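S.K.: Pasting a structure below so you can have a look.
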Amino acid sequence: MATVHLRIGDLVWGKLGRYPPWPGKVVSPPKDLKKPRGKKCHFVKFFGTEDHAWIKVEQLKPYHAHKEEMIKINKGKRFQQAVDAVEDFLKKAKGKEQNSDGKGDSKGKKTSNKPLKILEEDDEDLSALKDPSEKDLTDSDPEPSTLERLGGAGPGSGYKWESSPVKDDPHFHHFLLSQSEKPASSMEPISKRLKIIEEDSGSTSIQAADSTAINGSITPTDKRIGFLGLGLMGSGIVSNLLKMGHVVTVWNRTAEKCDLFIQEGARLGRTPAEVASTCDITFSCVSDPKAARDLVLGPSGVLQGIRPGKCYVEMSTVDPETITELSQVITSRGGRFLEAPVAGSQQLSNDGMLVILSAGDRTVYEDCSSCFQAMGKTSFFLGEAGNAARMMLILNMVQGSFMATIAEGLTLAQATGQSQQTFLDILCQGQMASTFVDQKCQNILQGNFKPDYYLKHIQKDLRLAISMGDMANHPTPMAAAANEVYKRAKALDQSDNDISAVYRAYIH
């Protein structure tokens, strides 16, 4: 086998366990990270993720020399996004080199390209690999330390990838906040820490914020899964659970919505009670607090099917008081309870890219690991039941208020003779640029209000957030103003349209 000498900053293909090679960059490990004993390896940051890992030298290949080969055998969307992130990184690094040509003394500061030595020397500071611009799978832009200098082995050099099982998905991150007696406001932001995990393959993996995500695909739990509620969010979630091999029993108030999922392999539950009694973990995702209570406490409700050890996971966005009530009645029957509302939209649900906020029974959270990986890109555990509801309402309060403000800006632009498209173009070049802003504004300009997140639901969330503020004696004037605009939009028959239809409240 040809020997390739890698240095800090070199781009590589890293192989972890039995899963596909992934593009990454050799970086300096943090100071307090213990190096694996007896292994010749490099510390690699994977593109398109928050993941880092010690990778053995025989599991690394130079990026450029093997790019064509890897692209041919890997076709996934997330893989392509990671490759795009590498190319973007190279363009920016090249631009920096060109901009520095002819400026100042050529003997000025040099980018470190000394070999990354494992087990002998002290490691460099973690800040050297911190990427302030990396936000999600589609926005990864690592701070360049040097352009790739890789040579050596080509596709026919005799590389052989080692293979051994690894448990989880490289794109999924678990964020575990301390489940202590402290109030939520005093919880340490564990997303600033790193957790080290020794895997079966012998590689040590580190993910931001106490993550347990490792490079690989999902191994579905052998527990029987129940799912109640096949609306905009629930439909995408169930579809992804089935795609990833979970055994799922479904129920919906309108039974016809179950048909498509039965065709995809789901089982049909006749009542919520039947689903809860026959499944190990039952998820619920419905519209509001009343629907959530009725599903549990009503005729043939979940509570009638709960037995000791059965798990119930409430994914609906509701108020903390509803969560407390449901938690108490479920646990009173010997059941185990977790709340897990999701941040996202119908599209993100379909794509399996939701953000999951969980609180309650930590063991249920752990039992739901493969389910959360199937439906989302990130999971947070926030401690005692009620905390996830509080956090979710705050997030949706901000999103709803922001959407109302954007709609107000678009209509003010029109009222003052300014081009709405130009307003959007300028907005998307500034600090507030985001996929959310671009998509919502483009839909408004096209008159497309097909629901991705129902307007009636964001108004409900604003109402609940304002009520939560009242109970905490905390003012929420911005949310209150936005709530009035959404109420006007509902009066204009926009309830079942997308949240962007709040725009119509300003033009009628």
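Every chain in the structure tokens has a letter given in the order shown (A, B, ...), and although residue numbers restart at 1 in each chain, ligands are simply numbered from 1 in the order shown.
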Identify, on the basis of only C-alpha atoms, every residue whose closest approach to range 403-405 of chain A does not exceed 12 Å; exclude the query and any residue fewer than 3 positions from it along the same chain; express the result as a ChimeraX atom specification.

M.R.: /A:396-400,408-412,436-441,444,453,455,458-459,462,478-489,498-506

S.K.: Using only C-alpha atoms, can you tell me which of A:Gly469, A:Gly305, A:Gly231, A:Gly265 comes closest to Cys279 in chain A?

M.R.: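 For Cys279 in chain A, the nearest of the given residues is A:Gly305.
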
S.K.: Skipping near chain neighbours, those fewer than 2 positions away, what residues fall within 9 Å of Asp222 in chain A using only C-alpha atoms, listed as a short mmCIF file (atom, residue, chain, number, x, y, z; two decimals) with N, CA and C atoms, in the first residue's frame?

M.R.:
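Saved as result-v8.cif:
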```
data_model
loop_
_atom_site.label_atom_id
_atom_site.label_comp_id
_atom_site.auth_asym_id
_atom_site.auth_seq_id
_atom_site.Cartn_x
_atom_site.Cartn_y
_atom_site.Cartn_z
N PRO A 220 -32.73 0.67 12.42
CA PRO A 220 -34.01 0.92 13.07
C PRO A 220 -34.16 0.11 14.35
N ARG A 224 -41.79 -1.76 18.46
CA ARG A 224 -42.95 -1.47 17.60
C ARG A 224 -43.35 -0.01 17.80
N ILE A 225 -43.49 0.70 16.69
CA ILE A 225 -43.77 2.13 16.73
C ILE A 225 -45.22 2.40 16.35
N HIS A 246 -38.50 1.03 10.08
CA HIS A 246 -39.23 0.87 11.33
C HIS A 246 -40.57 0.17 11.10
N VAL A 247 -41.01 -0.57 12.09
CA VAL A 247 -42.34 -1.20 12.05
C VAL A 247 -43.32 -0.20 12.66
#
```

S.K.: Just the residues within 8 Å of Arg336 in chain A, please, counting only C-alpha atoms, with nothing from its chain fewer than 3 positions along; format it as a list in words.

M.R.: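 My reading of the contact set: Pro308, Gly309, Lys310, Cys311, Tyr312, Ile330, Thr331, Asp361 and Val364 of chain A.
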
S.K.: Write a file of the just-selected residues containing all heavy atoms, as a short mmCIF file (atom, residue, chain, number, x, y, z; two decimals), in the first residue's frame.

M.R.:
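Result written to result_26.cif:
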```cif
data_model
loop_
_atom_site.label_atom_id
_atom_site.label_comp_id
_atom_site.auth_asym_id
_atom_site.auth_seq_id
_atom_site.Cartn_x
_atom_site.Cartn_y
_atom_site.Cartn_z
N PRO A 308 -47.85 -0.60 32.08
CA PRO A 308 -46.50 -0.34 32.59
C PRO A 308 -45.42 -0.60 31.54
O PRO A 308 -45.42 -1.65 30.88
CB PRO A 308 -46.39 -1.33 33.76
CG PRO A 308 -47.79 -1.47 34.26
CD PRO A 308 -48.64 -1.45 33.01
N GLY A 309 -44.55 0.38 31.36
CA GLY A 309 -43.45 0.26 30.40
C GLY A 309 -43.75 0.83 29.03
O GLY A 309 -42.83 1.08 28.25
N LYS A 310 -45.02 1.04 28.71
CA LYS A 310 -45.36 1.61 27.40
C LYS A 310 -44.90 3.07 27.34
O LYS A 310 -44.99 3.81 28.33
CB LYS A 310 -46.87 1.55 27.16
CG LYS A 310 -47.44 0.13 27.08
CD LYS A 310 -47.09 -0.53 25.76
CE LYS A 310 -47.76 -1.89 25.63
NZ LYS A 310 -47.42 -2.56 24.36
N CYS A 311 -44.45 3.49 26.17
CA CYS A 311 -43.93 4.86 26.01
C CYS A 311 -44.89 5.70 25.17
O CYS A 311 -45.42 5.24 24.15
CB CYS A 311 -42.58 4.82 25.31
SG CYS A 311 -41.33 3.88 26.19
N TYR A 312 -45.09 6.94 25.60
CA TYR A 312 -45.91 7.88 24.83
C TYR A 312 -45.10 9.14 24.58
O TYR A 312 -44.55 9.75 25.52
CB TYR A 312 -47.19 8.23 25.58
CG TYR A 312 -48.15 9.06 24.74
CD1 TYR A 312 -48.71 8.54 23.57
CD2 TYR A 312 -48.48 10.36 25.12
CE1 TYR A 312 -49.58 9.29 22.80
CE2 TYR A 312 -49.36 11.12 24.36
CZ TYR A 312 -49.90 10.58 23.20
OH TYR A 312 -50.77 11.33 22.43
N ILE A 330 -50.18 9.72 32.01
CA ILE A 330 -49.47 8.58 31.40
C ILE A 330 -48.66 7.84 32.45
O ILE A 330 -48.71 6.61 32.57
CB ILE A 330 -48.56 9.05 30.24
CG1 ILE A 330 -49.39 9.61 29.08
CG2 ILE A 330 -47.67 7.88 29.77
CD1 ILE A 330 -50.29 8.62 28.38
N THR A 331 -47.91 8.58 33.24
CA THR A 331 -47.06 7.94 34.26
C THR A 331 -47.89 7.32 35.38
O THR A 331 -47.44 6.38 36.04
CB THR A 331 -46.03 8.93 34.83
OG1 THR A 331 -46.73 10.09 35.34
CG2 THR A 331 -45.06 9.39 33.77
N ASP A 361 -38.78 11.87 30.16
CA ASP A 361 -38.07 10.65 30.54
C ASP A 361 -36.87 10.44 29.62
O ASP A 361 -37.03 10.15 28.43
CB ASP A 361 -39.04 9.46 30.46
CG ASP A 361 -38.45 8.18 31.06
OD1 ASP A 361 -37.22 7.97 30.95
OD2 ASP A 361 -39.23 7.39 31.62
N VAL A 364 -36.70 7.21 27.54
CA VAL A 364 -37.55 7.19 26.35
C VAL A 364 -36.84 7.90 25.20
O VAL A 364 -36.86 7.45 24.06
CB VAL A 364 -38.93 7.85 26.61
CG1 VAL A 364 -39.80 7.80 25.35
CG2 VAL A 364 -39.64 7.17 27.76
#
```

S.K.: Kindly indicate which residue among A:Asp493, A:Glu87, A:Glu339, A:Asp367 lies nearest to Thr221 in chain A, using only C-alpha atoms for the distances.

M.R.: A:Asp367

S.K.: Using only C-alpha atoms, which protein or nucleic acid residues come within 12 Å of Arg293 in chain A? Drop anything in the same chain fewer than 6 positions from it, and give the result as an mmCIF file with C-alpha atoms, in the first residue's frame.

M.R.:
```cif
data_model
loop_
_atom_site.group_PDB
_atom_site.id
_atom_site.type_symbol
_atom_site.label_atom_id
_atom_site.label_comp_id
_atom_site.auth_asym_id
_atom_site.auth_seq_id
_atom_site.Cartn_x
_atom_site.Cartn_y
_atom_site.Cartn_z
ATOM 1 C CA SER A 284 -48.660 11.757 18.520
ATOM 2 C CA CYS A 285 -48.592 14.856 16.321
ATOM 3 C CA VAL A 286 -51.851 16.828 16.270
ATOM 4 C CA SER A 287 -52.958 20.426 15.875
ATOM 5 C CA PRO A 299 -63.125 7.720 24.222
ATOM 6 C CA GLY A 301 -57.964 7.253 23.860
ATOM 7 C CA VAL A 302 -54.302 6.523 24.398
ATOM 8 C CA LEU A 303 -54.664 6.320 28.162
ATOM 9 C CA GLU A 314 -46.164 13.938 22.417
ATOM 10 C CA SER A 316 -47.614 18.384 19.094
ATOM 11 C CA VAL A 318 -48.797 22.736 22.909
ATOM 12 C CA ASP A 319 -48.490 24.685 26.157
ATOM 13 C CA GLU A 321 -49.580 22.941 31.223
ATOM 14 C CA THR A 322 -50.947 20.431 28.703
ATOM 15 C CA ILE A 323 -47.637 18.582 28.731
ATOM 16 C CA THR A 324 -47.642 18.422 32.527
ATOM 17 C CA GLU A 325 -51.184 17.038 32.547
ATOM 18 C CA LEU A 326 -50.457 14.406 29.900
ATOM 19 C CA SER A 327 -47.214 13.390 31.594
ATOM 20 C CA VAL A 329 -51.829 10.743 33.498
ATOM 21 C CA ILE A 330 -49.474 8.577 31.400
#
```

S.K.: Give the helix (DSSP H, G or I) residues of range 217-366 of chain A, as assigned by DSSP on the backbone, as a PyMOL selection string.

M.R.: chain A and resi 232-243+255-263+272-278+289-297+302-305+320-332+346-350+362-366

S.K.: For Cys368 in chain A, which residue out of A:Gln446, A:Ser332, A:Gln421, A:Thr282 is the nearest one, using only C-alpha atoms?

M.R.: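 Of all the options, A:Thr282 lies closest to Cys368 in chain A.
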
S.K.: From the list A:Ile71, A:Leu230, A:Leu338, A:Ala343, which residue is nearest Asn252 in chain A when using only C-alpha atoms?

M.R.: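 Answer, going by the shortest atom-to-atom distance: A:Leu230.
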